[in-house]
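**Q** Here's a structure for you.
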Amino acid sequence: MSFSTLSEFADLLAHAPAPDYSAREQAQSRNAQLTKPAGSLGRLEEIALWYAGWRGDARPRVAAPQAIIFAGNHGITAKGVSAFPPEVTVQMVANFEHGGAAINQLSRTAGASMSVHAIDLDRPTVDFTQGAAMDEADCVAALTVGWNAVDPTADLLVVGEMGIGNTTSAAAIANALYGGAAAAWVGRGTGVSDAGLKLKEDVVAAGVARHAGKDALGILAALGGRELAAMAGAIARARALRIPVILDGFICTAAAATLEHACAGALDHCIAGHQSDEAAHGRLLAALGKEPLVSLGLRLGEGSGAALVIPLIRAALECHSGMATFAEAGVAAG
């Protein structure tokens, strides 16, 4: 499978595979026979059934989780929307590569492979108040980076990002997709002042107004960044491979939302890992119908909140696949 235009990418989304309903039904039958009161493991049971359907295995386990971090630079930073300079993107990529970031520790703890993909950091996107952040070719190229970064042998995927200015892009995408005032979608990101917050609101409102009327993938190109498009590409590839995805925070979820708007149901293979402390993330998750697994006040990005819950997904599947049934254990079912 490949694509060279946004239209061809949208067509791949429209023809993406569905879960294996037979495997899910078999998992449901097994769940009903496990040595526990019905429903006593709460959402862990829901997670196991969701995962079983996507992997086509009634008794699955996570063996090969993958975390992919994408980095991009944003022309919108010239407006002063971030508390940090764009040079930090390059410096943090080096930190990832040397194992010094939070996502390195969380990936290692979760037993996940991790890779970092820096995308044209010497070529920031266009200031989206002046033009489209990416033209179609740039957006397709970034989607392709994400698409090709997914390991077909992985059985659970986390995608994360690094890019100074990308909370502004995420807020603009969310605002363009869901409407309302820019202020409803804009947060402090890396910690801007009150004046910086107002500036972000004005920049987002200007960008959304300039690019009004575009479809979902057009919004991703016009208001997003290369790392956001790469995350969207990786999430779409995971769907094509029936690899379940854990969504990270506000930026990842905004990128993912463009897929859902391009094709309803495109995120059915995704679960929300956490609700971040970025103000609009909860609103965005609610709009997508995704209930976060945890809410710990995180706002770091870089896939950290999603990687943190890989062990939770593992635990749900170990309970489902490893527990004995009443018959196997010789326990009366009642």
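Ordering of the structure tokens sets the chain letters (A, B, ...), residue numbers begin anew at 1 in every chain, and ligands are numbered from 1 in the order given.
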Looking only at helix (DSSP H, G or I) from DSSP on the backbone, list the matching residues of stretch 21-110 of chain A as a VMD selection string.

**A** chain A and resid 21 to 33 43 to 55 75 to 79 87 to 97 102 to 110

**Q** Atom CA of A:Ile219 and atom CA of A:Ile76, how far apart in Å?

**A**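 Separation of atom CA of A:Ile76 and atom CA of A:Ile219: 15.3 Å.
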
**Q** List every residue of stretch 23-154 of chain A that DSSP, applied to the backbone of this structure, assigns to strand (DSSP E or B), and report them as an MDAnalysis selection string.

**A** chainID A and resid 34 65:71 113:118

**Q** Would you put the residues from that selection into a file with N, CA, C and O atoms, as a PDB file, in the first residue's frame?

**A**
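Written file, result-v5.pdb:
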```pdb
ATOM      1  N   LEU A  34     -14.118 -16.742  33.085  1.00  0.00           N
ATOM      2  CA  LEU A  34     -12.941 -16.582  33.936  1.00  0.00           C
ATOM      3  C   LEU A  34     -13.312 -16.567  35.422  1.00  0.00           C
ATOM      4  O   LEU A  34     -14.444 -16.216  35.788  1.00  0.00           O
ATOM      5  N   PRO A  65       5.648  -4.104  21.811  1.00  0.00           N
ATOM      6  CA  PRO A  65       5.176  -2.715  21.700  1.00  0.00           C
ATOM      7  C   PRO A  65       6.236  -1.828  21.064  1.00  0.00           C
ATOM      8  O   PRO A  65       7.436  -2.063  21.220  1.00  0.00           O
ATOM      9  N   GLN A  66       5.774  -0.811  20.354  1.00  0.00           N
ATOM     10  CA  GLN A  66       6.671   0.114  19.670  1.00  0.00           C
ATOM     11  C   GLN A  66       6.290   1.548  20.013  1.00  0.00           C
ATOM     12  O   GLN A  66       5.108   1.905  20.015  1.00  0.00           O
ATOM     13  N   ALA A  67       7.288   2.370  20.295  1.00  0.00           N
ATOM     14  CA  ALA A  67       7.089   3.809  20.495  1.00  0.00           C
ATOM     15  C   ALA A  67       7.879   4.545  19.417  1.00  0.00           C
ATOM     16  O   ALA A  67       9.056   4.253  19.196  1.00  0.00           O
ATOM     17  N   ILE A  68       7.219   5.473  18.731  1.00  0.00           N
ATOM     18  CA  ILE A  68       7.859   6.254  17.673  1.00  0.00           C
ATOM     19  C   ILE A  68       7.674   7.738  17.990  1.00  0.00           C
ATOM     20  O   ILE A  68       6.542   8.195  18.193  1.00  0.00           O
ATOM     21  N   ILE A  69       8.770   8.468  18.003  1.00  0.00           N
ATOM     22  CA  ILE A  69       8.722   9.900  18.269  1.00  0.00           C
ATOM     23  C   ILE A  69       9.108  10.645  16.994  1.00  0.00           C
ATOM     24  O   ILE A  69      10.139  10.357  16.383  1.00  0.00           O
ATOM     25  N   PHE A  70       8.275  11.598  16.612  1.00  0.00           N
ATOM     26  CA  PHE A  70       8.526  12.411  15.424  1.00  0.00           C
ATOM     27  C   PHE A  70       8.796  13.845  15.868  1.00  0.00           C
ATOM     28  O   PHE A  70       8.169  14.348  16.798  1.00  0.00           O
ATOM     29  N   ALA A  71       9.720  14.505  15.175  1.00  0.00           N
ATOM     30  CA  ALA A  71      10.077  15.886  15.521  1.00  0.00           C
ATOM     31  C   ALA A  71       9.984  16.772  14.288  1.00  0.00           C
ATOM     32  O   ALA A  71      10.371  16.367  13.189  1.00  0.00           O
ATOM     33  N   SER A 113      10.220  -1.030  22.065  1.00  0.00           N
ATOM     34  CA  SER A 113      11.257  -0.471  21.209  1.00  0.00           C
ATOM     35  C   SER A 113      10.940   0.997  20.970  1.00  0.00           C
ATOM     36  O   SER A 113       9.775   1.404  21.021  1.00  0.00           O
ATOM     37  N   MET A 114      11.950   1.812  20.732  1.00  0.00           N
ATOM     38  CA  MET A 114      11.721   3.243  20.535  1.00  0.00           C
ATOM     39  C   MET A 114      12.630   3.774  19.439  1.00  0.00           C
ATOM     40  O   MET A 114      13.801   3.410  19.365  1.00  0.00           O
ATOM     41  N   SER A 115      12.070   4.603  18.591  1.00  0.00           N
ATOM     42  CA  SER A 115      12.867   5.265  17.554  1.00  0.00           C
ATOM     43  C   SER A 115      12.453   6.720  17.455  1.00  0.00           C
ATOM     44  O   SER A 115      11.336   7.100  17.843  1.00  0.00           O
ATOM     45  N   VAL A 116      13.357   7.544  16.951  1.00  0.00           N
ATOM     46  CA  VAL A 116      13.117   8.982  16.801  1.00  0.00           C
ATOM     47  C   VAL A 116      13.317   9.351  15.339  1.00  0.00           C
ATOM     48  O   VAL A 116      14.304   8.940  14.723  1.00  0.00           O
ATOM     49  N   HIS A 117      12.391  10.128  14.798  1.00  0.00           N
ATOM     50  CA  HIS A 117      12.457  10.540  13.397  1.00  0.00           C
ATOM     51  C   HIS A 117      12.351  12.061  13.339  1.00  0.00           C
ATOM     52  O   HIS A 117      11.271  12.628  13.549  1.00  0.00           O
ATOM     53  N   ALA A 118      13.458  12.729  13.084  1.00  0.00           N
ATOM     54  CA  ALA A 118      13.480  14.184  12.924  1.00  0.00           C
ATOM     55  C   ALA A 118      13.215  14.505  11.456  1.00  0.00           C
ATOM     56  O   ALA A 118      13.894  13.989  10.573  1.00  0.00           O
TER      57      ALA A 118
END
```

**Q** List the spatial neighbours of A:Gly163 as a CSV table (one decimal) with C-alpha atoms, in the first residue's frame - criterion: any atom at most 7 Å away, only C-alpha atoms, same-chain residues fewer than 2 positions off excluded.

**A**
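As written to disk, out_39.csv reads:
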```
chain,number,residue,atom,x,y,z
A,71,ALA,CA,10.1,15.9,15.5
A,72,GLY,CA,9.4,19.0,13.4
A,73,ASN,CA,9.9,22.7,13.5
A,89,THR,CA,13.6,20.8,19.1
A,161,GLU,CA,6.2,14.3,19.2
A,165,GLY,CA,5.2,25.6,18.8
A,166,ASN,CA,3.2,22.5,18.2
```

**Q** Can you work out which one of A:Leu177, A:Leu13, A:Ala154, A:Ala171 has the shortest atom-to-atom distance to A:Leu259, counting only C-alpha atoms?

**A**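 Closest candidate: A:Leu13.
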
**Q** Could you pull the residues within 8 Å of A:Leu285, counting only C-alpha atoms, minus those fewer than 6 positions along the same chain, as a PyMOL selection string?

**A** chain A and resi 253+272+275+291-292

**Q** If we count only C-alpha atoms and set the cut-off at 8 Å, which residues sit around A:Val140, ignoring sequence neighbours fewer than 4 positions away in its own chain? Please answer as a ChimeraX atom specification.

**A** /A:3-6,136,144

**Q** Near stretch 40-57 of chain A, counting only C-alpha atoms, which residues have an atom at most 9 Å away, once you skip same-chain residues fewer than 2 positions from it, shown as a PyMOL selection string?

**A** chain A and resi 18-28+31+36-38+59-61+155+239+242-244+269+271+293+312-313+315-321

**Q** Using only C-alpha atoms, which protein or nucleic acid residues come within 12 Å of A:Leu288? Drop anything in the same chain fewer than 6 positions from it, and give the result as number ranges by chain.

**A** A: 174, 177-178, 247, 253-254, 256-261, 264-268, 270-272, 281-282

**Q** Just checking: using only C-alpha atoms, which residue out of A:Gly233, A:Gly273, A:Pro85, A:Pro152 ends up closest to A:Ala64?

**A** A:Pro152

**Q** Could you state the separation of atom CA of A:Ala10 and atom CA of A:Ile173 in Å, given to one decimal place?

**A**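 So the answer is 17.4 Å.
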
**Q** Which is closest to A:Phe250 among A:Gly213, A:Gly160, A:Gly207, A:Gly100, if we use only C-alpha atoms?

**A**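 The closest residue to A:Phe250 is A:Gly160.
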
**Q** Calculated over only C-alpha atoms, which of the candidates A:Ala240, A:Val158, A:Cys139, A:Ala206 has the smallest distance to A:Glu227?

**A**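 Looking at the shortest contact to A:Glu227, the residue is A:Cys139.
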
**Q** What is the atom CA of A:Val93-atom CA of A:Ala232 distance in Å, reported with one decimal?

**A**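 The value is 19.6 Å.
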